[in-house]
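Report on one structure; see the data block that follows.
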Amino acid sequence: MQLVSFQTMKIVVLGSLVATLAACSDGVEKRRQAERNFDYLEVSQIEPLKIPPGVTAPEQSAEFVIPSITPDNQMLLGPQVDVRAPVQVIPLIAGSRIEDTENGLIFWFDILRAQSAAETKDAMMRTIGEYLAYRKSGILNQDPQQSLIESDWLVDQEEIEGSIFFTDKVVEQRQKFAYQLDVKPHGRTAGLKVSFVDAQLYRDTSDSVVELDAFDKQRLAVIELNRLIGYVSERRAELEAQLAEQRQQAKLATMSETEKEQLYDETVNLLLVNEGGAAYYRAKANMEKTMKRLRVVLPLAGFTITDYIENSGSLYLTYERPPEQILENYGLSTMEFAEKNYIFTVGSNGDVTQITLADEEGIVLKPSEVKALYPYLAILMKMGLDTADSLSR
């Protein structure tokens, strides 16, 4: 689920970027992002509690005692305190996660259609290059073996409004970053890490020295990582489609004409029907095609076919949740169904086939149970021959 568009992300992070770089380059304004005043510095000290003679003094905790100011901690006084909160990674991609390592934050996300680490690496390295081109920058250095790309200058401009006596100023920020890609061995999970390399700040064509500490560099790296995440989020569907198209073309190149005709045969569409307080499935296909597809997809969903009585169309099944690897391959990881024996009764009038679900005693399942299983069977029934191919992997 995409929460924020890349264009919105671009506006948000640009404002953060201006605040970070402008603050770092200004030797007068030390508060950076703090907007509250520091009136508490002017508050007079409360006199210690006076204990009358002969009265036992109460116990006092030193937990909230303010230490005396010494030359060593003068830098931490009032407006000189750096009160900024860390910039947070915005996980725009559903199912993504953040790993905090000693070398920086890694943003992990899934590319479900990828089938190899090499395929994912090639696609993501290309996507990072396209992102830099979108930012009107380029690749300064690239190490394919390490899956590392270093950008040229990325330039952003913002006009800061002046006052009655001063004209507006154009602030231009230039940054360089290193983009590290990591791919899990199975190829379906990619990790992105962004590291700060360099920064420059210009105001009306005059450059300013930008002094950055480790905290500043981390902030800028996270801001840039958020930008990259936003770009990948918008391109993700296109990326998945490209991978599917590449695989389809490679597959067609090895198929005979007969196999191609079978591949493009219409899929078995499964509909959920509720009638008279009962629910069942209706397949838009004849009995032969529906049974052929059911024999392929039921094992993928965790159903073992123990018996089939052809004259009554009764499929005797045992359900056991399949391995997570199979569930993730087909987007079924959230599937929950009672692990027990079932009877699926399949009947047809010729062009349409009906599938009724019952427990091992023959009692028809409740509509809620039939509805719960429907999305998963519907997905698998649509997959056609590709499902059989996937079963052999």
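Residue numbering restarts at 1 in every chain; chains get A, B, ... in the order shown in the structure tokens, and ligands count up from 1 in that same order.
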How close does each residue of stretch 195-260 of chain A get to stretch 104-112 of chain A, giving the shortest atom pair and distance in Å to one decimal for every residue with an atom at most 12 Å away, counting only C-alpha atoms, sorted by chain and residue number, as a tab-separated table?
residue	atom	partner	partner_atom	distance
A:Ser195	CA	A:Gly104	CA	7.5
A:Phe196	CA	A:Gly104	CA	10.3
A:Ala214	CA	A:Gly104	CA	11.3
A:Phe215	CA	A:Gly104	CA	11.6
A:Lys217	CA	A:Gly104	CA	10.8
A:Gln218	CA	A:Gly104	CA	8.0
A:Arg219	CA	A:Gly104	CA	10.9
A:Ala221	CA	A:Gly104	CA	8.9
A:Val222	CA	A:Leu105	CA	7.9
A:Ile223	CA	A:Leu105	CA	11.6
A:Glu224	CA	A:Leu105	CA	11.8
A:Leu225	CA	A:Phe107	CA	8.3
A:Asn226	CA	A:Phe107	CA	9.5
A:Leu228	CA	A:Phe107	CA	10.3
A:Ile229	CA	A:Phe107	CA	8.3
A:Gly230	CA	A:Phe107	CA	11.9
A:Val232	CA	A:Phe109	CA	10.2
A:Ser233	CA	A:Phe109	CA	10.0
A:Arg235	CA	A:Ile111	CA	11.7
A:Arg236	CA	A:Ile111	CA	8.2
A:Ala237	CA	A:Ile111	CA	9.6
A:Glu238	CA	A:Ile111	CA	11.4
A:Leu239	CA	A:Ile111	CA	8.7
A:Glu240	CA	A:Ile111	CA	7.0
A:Ala241	CA	A:Ile111	CA	10.7
A:Gln242	CA	A:Ile111	CA	11.6
A:Leu243	CA	A:Ile111	CA	9.5
A:Ala244	CA	A:Leu112	CA	10.2
- Query: If you run DSSP on this backbone, which residues of stretch 257-374 of chain A come out as helix (DSSP H, G or I), and could you give them as JSON, numbers by chain?
  - Reply: {"A": [257, 258, 259, 260, 261, 262, 263, 287, 288, 289, 290, 291, 292, 293, 294, 295, 296, 297, 298, 299, 300, 324, 325, 326, 327, 328, 329, 367, 368, 369, 370, 371, 372, 373, 374]}
Please save N, CA, C and O atoms of the selected residues as a short mmCIF file (atom, residue, chain, number, x, y, z; two decimals), in the first residue's frame.
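Heads up, here's the output in result_14.cif:
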data_model
loop_
_atom_site.label_atom_id
_atom_site.label_comp_id
_atom_site.auth_asym_id
_atom_site.auth_seq_id
_atom_site.Cartn_x
_atom_site.Cartn_y
_atom_site.Cartn_z
N GLU A 257 4.24 -24.32 -30.66
CA GLU A 257 2.99 -23.64 -30.96
C GLU A 257 1.83 -24.23 -30.17
O GLU A 257 0.93 -23.52 -29.72
N THR A 258 1.83 -25.56 -29.99
CA THR A 258 0.76 -26.22 -29.23
C THR A 258 0.78 -25.75 -27.78
O THR A 258 -0.27 -25.47 -27.18
N GLU A 259 1.97 -25.66 -27.21
CA GLU A 259 2.10 -25.20 -25.82
C GLU A 259 1.65 -23.75 -25.67
O GLU A 259 1.05 -23.37 -24.67
N LYS A 260 1.91 -22.94 -26.70
CA LYS A 260 1.48 -21.55 -26.65
C LYS A 260 -0.04 -21.45 -26.67
O LYS A 260 -0.64 -20.63 -25.97
N GLU A 261 -0.70 -22.29 -27.45
CA GLU A 261 -2.16 -22.28 -27.50
C GLU A 261 -2.75 -22.64 -26.14
O GLU A 261 -3.73 -22.06 -25.69
N GLN A 262 -2.14 -23.63 -25.48
CA GLN A 262 -2.62 -24.03 -24.16
C GLN A 262 -2.40 -22.91 -23.13
O GLN A 262 -3.24 -22.67 -22.27
N LEU A 263 -1.26 -22.24 -23.26
CA LEU A 263 -0.95 -21.17 -22.32
C LEU A 263 -1.96 -20.05 -22.38
O LEU A 263 -2.37 -19.49 -21.36
N MET A 287 -16.45 -29.20 -16.48
CA MET A 287 -16.00 -30.10 -15.41
C MET A 287 -14.56 -30.53 -15.62
O MET A 287 -13.74 -30.52 -14.68
N GLU A 288 -14.21 -30.88 -16.84
CA GLU A 288 -12.87 -31.40 -17.12
C GLU A 288 -11.80 -30.35 -16.82
O GLU A 288 -10.80 -30.65 -16.14
N LYS A 289 -11.99 -29.13 -17.32
CA LYS A 289 -10.99 -28.09 -17.10
C LYS A 289 -10.91 -27.71 -15.61
O LYS A 289 -9.82 -27.50 -15.08
N THR A 290 -12.07 -27.65 -14.94
CA THR A 290 -12.08 -27.28 -13.52
C THR A 290 -11.35 -28.32 -12.68
O THR A 290 -10.54 -27.99 -11.81
N MET A 291 -11.64 -29.61 -12.92
CA MET A 291 -10.99 -30.66 -12.15
C MET A 291 -9.48 -30.69 -12.42
O MET A 291 -8.68 -30.90 -11.50
N LYS A 292 -9.10 -30.47 -13.68
CA LYS A 292 -7.67 -30.46 -14.01
C LYS A 292 -6.95 -29.36 -13.26
O LYS A 292 -5.86 -29.56 -12.72
N ARG A 293 -7.58 -28.18 -13.18
CA ARG A 293 -6.97 -27.07 -12.47
C ARG A 293 -6.97 -27.30 -10.96
O ARG A 293 -6.01 -26.98 -10.27
N LEU A 294 -8.06 -27.86 -10.42
CA LEU A 294 -8.13 -28.13 -8.99
C LEU A 294 -7.04 -29.09 -8.53
O LEU A 294 -6.45 -28.91 -7.46
N ARG A 295 -6.75 -30.10 -9.33
CA ARG A 295 -5.73 -31.08 -8.98
C ARG A 295 -4.35 -30.42 -8.87
O ARG A 295 -3.49 -30.89 -8.13
N VAL A 296 -4.15 -29.33 -9.61
CA VAL A 296 -2.87 -28.63 -9.59
C VAL A 296 -2.79 -27.65 -8.42
O VAL A 296 -1.79 -27.60 -7.70
N VAL A 297 -3.87 -26.87 -8.20
CA VAL A 297 -3.79 -25.76 -7.25
C VAL A 297 -4.08 -26.17 -5.80
O VAL A 297 -3.57 -25.54 -4.87
N LEU A 298 -4.90 -27.19 -5.58
CA LEU A 298 -5.22 -27.58 -4.20
C LEU A 298 -3.98 -27.95 -3.39
O LEU A 298 -3.85 -27.52 -2.23
N PRO A 299 -3.03 -28.72 -3.94
CA PRO A 299 -1.81 -29.00 -3.16
C PRO A 299 -1.02 -27.74 -2.82
O PRO A 299 -0.39 -27.66 -1.75
N LEU A 300 -1.03 -26.74 -3.71
CA LEU A 300 -0.33 -25.50 -3.42
C LEU A 300 -0.94 -24.77 -2.23
O LEU A 300 -0.25 -24.09 -1.47
N GLU A 324 5.91 -21.80 4.57
CA GLU A 324 5.83 -20.36 4.33
C GLU A 324 6.39 -19.97 2.97
O GLU A 324 5.94 -19.03 2.34
N GLN A 325 7.41 -20.72 2.49
CA GLN A 325 8.02 -20.40 1.20
C GLN A 325 6.98 -20.44 0.09
O GLN A 325 6.91 -19.56 -0.76
N ILE A 326 6.14 -21.50 0.09
CA ILE A 326 5.10 -21.63 -0.95
C ILE A 326 4.05 -20.54 -0.78
O ILE A 326 3.61 -19.92 -1.75
N LEU A 327 3.65 -20.27 0.45
CA LEU A 327 2.63 -19.24 0.69
C LEU A 327 3.11 -17.88 0.21
O LEU A 327 2.36 -17.12 -0.41
N GLU A 328 4.38 -17.55 0.47
CA GLU A 328 4.92 -16.26 0.05
C GLU A 328 5.01 -16.17 -1.47
O GLU A 328 4.79 -15.11 -2.06
N ASN A 329 5.36 -17.28 -2.13
CA ASN A 329 5.48 -17.27 -3.59
C ASN A 329 4.18 -16.85 -4.27
O ASN A 329 4.20 -16.21 -5.32
N PRO A 367 -20.98 -20.07 5.56
CA PRO A 367 -20.59 -19.07 4.55
C PRO A 367 -19.31 -18.33 4.91
O PRO A 367 -18.51 -18.01 4.04
N SER A 368 -19.10 -18.06 6.22
CA SER A 368 -17.89 -17.34 6.63
C SER A 368 -16.63 -18.15 6.33
O SER A 368 -15.59 -17.59 5.94
N GLU A 369 -16.70 -19.48 6.49
CA GLU A 369 -15.54 -20.34 6.20
C GLU A 369 -15.28 -20.40 4.70
O GLU A 369 -14.13 -20.35 4.25
N VAL A 370 -16.34 -20.52 3.93
CA VAL A 370 -16.19 -20.56 2.46
C VAL A 370 -15.63 -19.24 1.96
O VAL A 370 -14.76 -19.21 1.08
N LYS A 371 -16.11 -18.15 2.51
CA LYS A 371 -15.63 -16.83 2.11
C LYS A 371 -14.16 -16.63 2.48
O LYS A 371 -13.40 -16.00 1.76
N ALA A 372 -13.73 -17.17 3.64
CA ALA A 372 -12.36 -17.00 4.10
C ALA A 372 -11.36 -17.67 3.17
O ALA A 372 -10.26 -17.17 2.94
N LEU A 373 -11.74 -18.80 2.60
CA LEU A 373 -10.84 -19.54 1.71
C LEU A 373 -10.85 -19.00 0.29
O LEU A 373 -9.88 -19.16 -0.47
N TYR A 374 -11.93 -18.34 -0.09
CA TYR A 374 -12.13 -17.93 -1.49
C TYR A 374 -10.99 -17.13 -2.12
O TYR A 374 -10.54 -17.46 -3.22
#
Who sits within 8 Å of stretch 278-284 of chain A, only C-alpha atoms, same chain under 5 positions skipped, as an mmCIF file with all heavy atoms, in the first residue's frame:
data_model
loop_
_atom_site.group_PDB
_atom_site.id
_atom_site.type_symbol
_atom_site.label_atom_id
_atom_site.label_comp_id
_atom_site.auth_asym_id
_atom_site.auth_seq_id
_atom_site.Cartn_x
_atom_site.Cartn_y
_atom_site.Cartn_z
ATOM 1 N N VAL A 268 -9.561 -20.439 -15.554
ATOM 2 C CA VAL A 268 -10.767 -20.833 -14.832
ATOM 3 C C VAL A 268 -11.045 -19.770 -13.777
ATOM 4 O O VAL A 268 -10.356 -19.697 -12.762
ATOM 5 C CB VAL A 268 -10.585 -22.210 -14.163
ATOM 6 C CG1 VAL A 268 -11.838 -22.572 -13.374
ATOM 7 C CG2 VAL A 268 -10.288 -23.267 -15.203
ATOM 8 N N ASN A 269 -12.017 -18.928 -14.023
ATOM 9 C CA ASN A 269 -12.379 -17.886 -13.062
ATOM 10 C C ASN A 269 -13.309 -18.465 -12.006
ATOM 11 O O ASN A 269 -14.299 -19.129 -12.325
ATOM 12 C CB ASN A 269 -13.066 -16.718 -13.767
ATOM 13 C CG ASN A 269 -12.115 -15.984 -14.684
ATOM 14 O OD1 ASN A 269 -10.954 -15.792 -14.365
ATOM 15 N ND2 ASN A 269 -12.609 -15.581 -15.846
ATOM 16 N N LEU A 270 -12.996 -18.198 -10.741
ATOM 17 C CA LEU A 270 -13.780 -18.731 -9.638
ATOM 18 C C LEU A 270 -14.582 -17.603 -9.008
ATOM 19 O O LEU A 270 -14.040 -16.560 -8.664
ATOM 20 C CB LEU A 270 -12.833 -19.354 -8.600
ATOM 21 C CG LEU A 270 -13.419 -20.425 -7.680
ATOM 22 C CD1 LEU A 270 -13.870 -21.631 -8.492
ATOM 23 C CD2 LEU A 270 -12.367 -20.847 -6.650
ATOM 24 N N LEU A 271 -15.900 -17.800 -8.860
ATOM 25 C CA LEU A 271 -16.787 -16.807 -8.260
ATOM 26 C C LEU A 271 -17.327 -17.324 -6.932
ATOM 27 O O LEU A 271 -17.561 -18.527 -6.771
ATOM 28 C CB LEU A 271 -17.958 -16.491 -9.193
ATOM 29 C CG LEU A 271 -17.603 -15.987 -10.598
ATOM 30 C CD1 LEU A 271 -18.878 -15.804 -11.422
ATOM 31 C CD2 LEU A 271 -16.828 -14.691 -10.519
ATOM 32 N N LEU A 272 -17.531 -16.421 -5.980
ATOM 33 C CA LEU A 272 -18.138 -16.764 -4.695
ATOM 34 C C LEU A 272 -19.626 -16.463 -4.779
ATOM 35 O O LEU A 272 -20.027 -15.340 -5.091
ATOM 36 C CB LEU A 272 -17.490 -15.960 -3.569
ATOM 37 C CG LEU A 272 -18.094 -16.115 -2.172
ATOM 38 C CD1 LEU A 272 -17.935 -17.551 -1.674
ATOM 39 C CD2 LEU A 272 -17.464 -15.144 -1.189
ATOM 40 N N VAL A 273 -20.443 -17.458 -4.471
ATOM 41 C CA VAL A 273 -21.899 -17.311 -4.574
ATOM 42 C C VAL A 273 -22.522 -17.539 -3.207
ATOM 43 O O VAL A 273 -22.182 -18.499 -2.501
ATOM 44 C CB VAL A 273 -22.480 -18.316 -5.588
ATOM 45 C CG1 VAL A 273 -23.999 -18.128 -5.696
ATOM 46 C CG2 VAL A 273 -21.819 -18.148 -6.949
ATOM 47 N N THR A 290 -12.074 -27.646 -14.937
ATOM 48 C CA THR A 290 -12.076 -27.279 -13.525
ATOM 49 C C THR A 290 -11.354 -28.323 -12.678
ATOM 50 O O THR A 290 -10.536 -27.986 -11.812
ATOM 51 C CB THR A 290 -13.514 -27.103 -13.018
ATOM 52 O OG1 THR A 290 -14.181 -26.106 -13.806
ATOM 53 C CG2 THR A 290 -13.534 -26.681 -11.559
ATOM 54 N N ASP A 351 -21.137 -25.918 -19.119
ATOM 55 C CA ASP A 351 -20.232 -24.768 -19.247
ATOM 56 C C ASP A 351 -19.843 -24.167 -17.898
ATOM 57 O O ASP A 351 -18.869 -23.420 -17.813
ATOM 58 C CB ASP A 351 -20.891 -23.679 -20.099
ATOM 59 C CG ASP A 351 -21.138 -24.153 -21.513
ATOM 60 O OD1 ASP A 351 -20.336 -24.977 -22.000
ATOM 61 O OD2 ASP A 351 -22.128 -23.699 -22.125
ATOM 62 N N VAL A 352 -20.614 -24.428 -16.872
ATOM 63 C CA VAL A 352 -20.366 -23.864 -15.547
ATOM 64 C C VAL A 352 -20.257 -25.002 -14.538
ATOM 65 O O VAL A 352 -21.038 -25.960 -14.592
ATOM 66 C CB VAL A 352 -21.487 -22.892 -15.122
ATOM 67 C CG1 VAL A 352 -21.239 -22.364 -13.706
ATOM 68 C CG2 VAL A 352 -21.568 -21.725 -16.104
ATOM 69 N N THR A 353 -19.311 -24.888 -13.621
ATOM 70 C CA THR A 353 -19.082 -25.930 -12.614
ATOM 71 C C THR A 353 -19.264 -25.341 -11.221
ATOM 72 O O THR A 353 -18.813 -24.226 -10.947
ATOM 73 C CB THR A 353 -17.666 -26.513 -12.755
ATOM 74 O OG1 THR A 353 -17.482 -27.030 -14.067
ATOM 75 C CG2 THR A 353 -17.432 -27.620 -11.747
ATOM 76 N N GLN A 354 -19.922 -26.090 -10.348
ATOM 77 C CA GLN A 354 -20.178 -25.647 -8.986
ATOM 78 C C GLN A 354 -19.351 -26.478 -8.013
ATOM 79 O O GLN A 354 -19.222 -27.686 -8.169
ATOM 80 C CB GLN A 354 -21.669 -25.786 -8.657
ATOM 81 C CG GLN A 354 -22.033 -25.364 -7.231
ATOM 82 C CD GLN A 354 -23.528 -25.381 -7.009
ATOM 83 O OE1 GLN A 354 -24.310 -24.828 -7.803
ATOM 84 N NE2 GLN A 354 -23.970 -26.035 -5.934
ATOM 85 N N ILE A 355 -18.753 -25.808 -7.004
ATOM 86 C CA ILE A 355 -17.921 -26.488 -6.001
ATOM 87 C C ILE A 355 -18.492 -26.187 -4.626
ATOM 88 O O ILE A 355 -18.562 -25.035 -4.204
ATOM 89 C CB ILE A 355 -16.456 -26.011 -6.080
ATOM 90 C CG1 ILE A 355 -15.896 -26.155 -7.494
ATOM 91 C CG2 ILE A 355 -15.593 -26.766 -5.080
ATOM 92 C CD1 ILE A 355 -14.555 -25.499 -7.699
ATOM 93 N N THR A 356 -18.925 -27.250 -3.929
ATOM 94 C CA THR A 356 -19.487 -27.105 -2.588
ATOM 95 C C THR A 356 -18.494 -27.648 -1.573
ATOM 96 O O THR A 356 -17.894 -28.708 -1.795
ATOM 97 C CB THR A 356 -20.819 -27.869 -2.470
ATOM 98 O OG1 THR A 356 -21.724 -27.396 -3.475
ATOM 99 C CG2 THR A 356 -21.436 -27.655 -1.107
ATOM 100 N N LEU A 357 -18.329 -26.963 -0.456
ATOM 101 C CA LEU A 357 -17.357 -27.339 0.569
ATOM 102 C C LEU A 357 -18.079 -27.876 1.802
ATOM 103 O O LEU A 357 -19.074 -27.297 2.250
ATOM 104 C CB LEU A 357 -16.489 -26.139 0.987
ATOM 105 C CG LEU A 357 -15.358 -25.702 0.052
ATOM 106 C CD1 LEU A 357 -15.871 -25.305 -1.320
ATOM 107 C CD2 LEU A 357 -14.561 -24.567 0.674
ATOM 108 N N LYS A 366 -19.900 -23.260 6.872
ATOM 109 C CA LYS A 366 -20.571 -21.982 7.043
ATOM 110 C C LYS A 366 -20.112 -20.999 5.953
ATOM 111 O O LYS A 366 -18.973 -21.068 5.481
ATOM 112 C CB LYS A 366 -20.258 -21.402 8.419
ATOM 113 C CG LYS A 366 -20.717 -22.252 9.585
ATOM 114 C CD LYS A 366 -20.299 -21.625 10.900
ATOM 115 C CE LYS A 366 -20.734 -22.473 12.092
ATOM 116 N NZ LYS A 366 -20.283 -21.888 13.373
ATOM 117 N N PRO A 367 -20.984 -20.072 5.565
ATOM 118 C CA PRO A 367 -20.593 -19.074 4.554
ATOM 119 C C PRO A 367 -19.310 -18.330 4.912
ATOM 120 O O PRO A 367 -18.509 -18.005 4.040
ATOM 121 C CB PRO A 367 -21.798 -18.134 4.508
ATOM 122 C CG PRO A 367 -22.948 -18.992 4.899
ATOM 123 C CD PRO A 367 -22.412 -19.941 5.925
ATOM 124 N N VAL A 370 -16.342 -20.515 3.926
ATOM 125 C CA VAL A 370 -16.192 -20.561 2.464
ATOM 126 C C VAL A 370 -15.626 -19.245 1.956
ATOM 127 O O VAL A 370 -14.759 -19.212 1.077
ATOM 128 C CB VAL A 370 -17.559 -20.858 1.801
ATOM 129 C CG1 VAL A 370 -17.419 -20.868 0.269
ATOM 130 C CG2 VAL A 370 -18.109 -22.197 2.293
ATOM 131 N N LYS A 371 -16.107 -18.150 2.515
ATOM 132 C CA LYS A 371 -15.631 -16.832 2.115
ATOM 133 C C LYS A 371 -14.163 -16.632 2.484
ATOM 134 O O LYS A 371 -13.399 -16.000 1.760
ATOM 135 C CB LYS A 371 -16.482 -15.753 2.776
ATOM 136 C CG LYS A 371 -16.130 -14.335 2.376
ATOM 137 C CD LYS A 371 -17.040 -13.329 3.050
ATOM 138 C CE LYS A 371 -16.682 -11.895 2.666
ATOM 139 N NZ LYS A 371 -17.578 -10.912 3.338
ATOM 140 N N TYR A 374 -11.926 -18.336 -0.086
ATOM 141 C CA TYR A 374 -12.133 -17.932 -1.486
ATOM 142 C C TYR A 374 -10.993 -17.127 -2.115
ATOM 143 O O TYR A 374 -10.536 -17.461 -3.217
ATOM 144 C CB TYR A 374 -13.451 -17.160 -1.619
ATOM 145 C CG TYR A 374 -13.623 -16.533 -2.987
ATOM 146 C CD1 TYR A 374 -13.897 -17.322 -4.103
ATOM 147 C CD2 TYR A 374 -13.495 -15.157 -3.168
ATOM 148 C CE1 TYR A 374 -14.043 -16.760 -5.359
ATOM 149 C CE2 TYR A 374 -13.629 -14.592 -4.417
ATOM 150 C CZ TYR A 374 -13.903 -15.388 -5.514
ATOM 151 O OH TYR A 374 -14.030 -14.836 -6.762
#
- Go through A:Asn341, A:Ser348, A:Thr189, A:Gln246 and flag the residue nearest A:Arg97, using only C-alpha atoms for the distances.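 Looking only at the distances to A:Arg97, the closest residue turns out to be A:Thr189.
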- Given only C-alpha atoms as the counted atoms, nearest of A:Ser312, A:Gln88, A:Gln175, A:Gln180 to A:Val197: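 Nearest candidate to A:Val197 out of A:Ser312, A:Gln88, A:Gln175, A:Gln180: A:Gln175.
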- Query: What is the distance, in Å and to one decimal place, between atom CA of A:Glu360 and atom CA of A:Leu377?
  - Reply: 19.5 Å
- Query: For A:Leu201, which residue out of A:Arg188, A:Ala378, A:Trp153, A:Ala178 is the nearest one, using only C-alpha atoms?
  - Reply: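 Checking each candidate against A:Leu201, we get A:Trp153 as the closest.
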- Item | Residue contacts of A:Pro185 (12 Å, only C-alpha atoms) excluding same-chain residues fewer than 4 positions away, as a list in words | Ala114, Gln115, Ser116, Ala117, Ala118, Glu119, Thr120, Lys121, Thr189, Ala190 and Gly191 of chain A
Please, could you write that set of residues out with all heavy atoms as a JSON list (two decimals), in the first residue's frame?
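See again06.json below for the written result:
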[["chain", "number", "residue", "atom", "x", "y", "z"],
["A", 114, "ALA", "N", 10.38, -11.65, -8.74],
["A", 114, "ALA", "CA", 11.77, -11.97, -9.05],
["A", 114, "ALA", "C", 12.03, -13.45, -8.77],
["A", 114, "ALA", "O", 11.47, -14.03, -7.84],
["A", 114, "ALA", "CB", 12.71, -11.10, -8.24],
["A", 115, "GLN", "N", 12.91, -14.06, -9.56],
["A", 115, "GLN", "CA", 13.17, -15.48, -9.40],
["A", 115, "GLN", "C", 14.63, -15.78, -9.13],
["A", 115, "GLN", "O", 15.00, -16.93, -8.90],
["A", 115, "GLN", "CB", 12.70, -16.25, -10.64],
["A", 115, "GLN", "CG", 11.19, -16.33, -10.77],
["A", 115, "GLN", "CD", 10.77, -17.24, -11.90],
["A", 115, "GLN", "OE1", 11.45, -17.35, -12.91],
["A", 115, "GLN", "NE2", 9.64, -17.89, -11.74],
["A", 116, "SER", "N", 15.48, -14.77, -9.17],
["A", 116, "SER", "CA", 16.89, -15.01, -8.89],
["A", 116, "SER", "C", 17.52, -13.72, -8.36],
["A", 116, "SER", "O", 17.03, -12.62, -8.63],
["A", 116, "SER", "CB", 17.63, -15.46, -10.15],
["A", 116, "SER", "OG", 17.72, -14.40, -11.10],
["A", 117, "ALA", "N", 18.61, -13.90, -7.61],
["A", 117, "ALA", "CA", 19.31, -12.74, -7.07],
["A", 117, "ALA", "C", 19.90, -11.90, -8.19],
["A", 117, "ALA", "O", 19.90, -10.67, -8.12],
["A", 117, "ALA", "CB", 20.41, -13.20, -6.11],
["A", 118, "ALA", "N", 20.40, -12.55, -9.24],
["A", 118, "ALA", "CA", 20.99, -11.82, -10.36],
["A", 118, "ALA", "C", 19.95, -10.96, -11.06],
["A", 118, "ALA", "O", 20.23, -9.82, -11.45],
["A", 118, "ALA", "CB", 21.61, -12.80, -11.35],
["A", 119, "GLU", "N", 18.73, -11.49, -11.23],
["A", 119, "GLU", "CA", 17.65, -10.74, -11.88],
["A", 119, "GLU", "C", 17.28, -9.50, -11.05],
["A", 119, "GLU", "O", 17.14, -8.39, -11.60],
["A", 119, "GLU", "CB", 16.43, -11.64, -12.04],
["A", 119, "GLU", "CG", 15.27, -11.00, -12.77],
["A", 119, "GLU", "CD", 14.09, -11.94, -12.89],
["A", 119, "GLU", "OE1", 13.57, -12.38, -11.84],
["A", 119, "GLU", "OE2", 13.69, -12.24, -14.02],
["A", 120, "THR", "N", 17.15, -9.67, -9.73],
["A", 120, "THR", "CA", 16.81, -8.55, -8.86],
["A", 120, "THR", "C", 17.92, -7.51, -8.84],
["A", 120, "THR", "O", 17.66, -6.30, -8.90],
["A", 120, "THR", "CB", 16.53, -9.05, -7.44],
["A", 120, "THR", "OG1", 15.43, -9.97, -7.47],
["A", 120, "THR", "CG2", 16.18, -7.90, -6.51],
["A", 121, "LYS", "N", 19.15, -7.97, -8.75],
["A", 121, "LYS", "CA", 20.29, -7.05, -8.72],
["A", 121, "LYS", "C", 20.34, -6.20, -9.97],
["A", 121, "LYS", "O", 20.50, -4.97, -9.92],
["A", 121, "LYS", "CB", 21.59, -7.85, -8.57],
["A", 121, "LYS", "CG", 22.85, -6.99, -8.63],
["A", 121, "LYS", "CD", 24.10, -7.84, -8.51],
["A", 121, "LYS", "CE", 25.35, -7.02, -8.73],
["A", 121, "LYS", "NZ", 26.58, -7.85, -8.64],
["A", 189, "THR", "N", 13.94, -10.50, -2.14],
["A", 189, "THR", "CA", 14.04, -9.44, -1.15],
["A", 189, "THR", "C", 15.29, -8.61, -1.42],
["A", 189, "THR", "O", 16.38, -9.16, -1.57],
["A", 189, "THR", "CB", 14.13, -10.01, 0.27],
["A", 189, "THR", "OG1", 12.97, -10.83, 0.52],
["A", 189, "THR", "CG2", 14.17, -8.90, 1.31],
["A", 190, "ALA", "N", 15.09, -7.29, -1.52],
["A", 190, "ALA", "CA", 16.19, -6.37, -1.80],
["A", 190, "ALA", "C", 16.33, -5.39, -0.65],
["A", 190, "ALA", "O", 15.35, -5.01, -0.01],
["A", 190, "ALA", "CB", 15.95, -5.62, -3.11],
["A", 191, "GLY", "N", 17.57, -4.98, -0.38],
["A", 191, "GLY", "CA", 17.85, -4.00, 0.66],
["A", 191, "GLY", "C", 18.57, -2.79, 0.08],
["A", 191, "GLY", "O", 19.47, -2.93, -0.75]]
- Would you mind telling me which residue in A:Tyr202, A:Tyr131, A:Tyr316, A:Tyr179 lies nearest to A:Gln157 when using only C-alpha atoms?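 Closest to A:Gln157 of all the choices is A:Tyr202.
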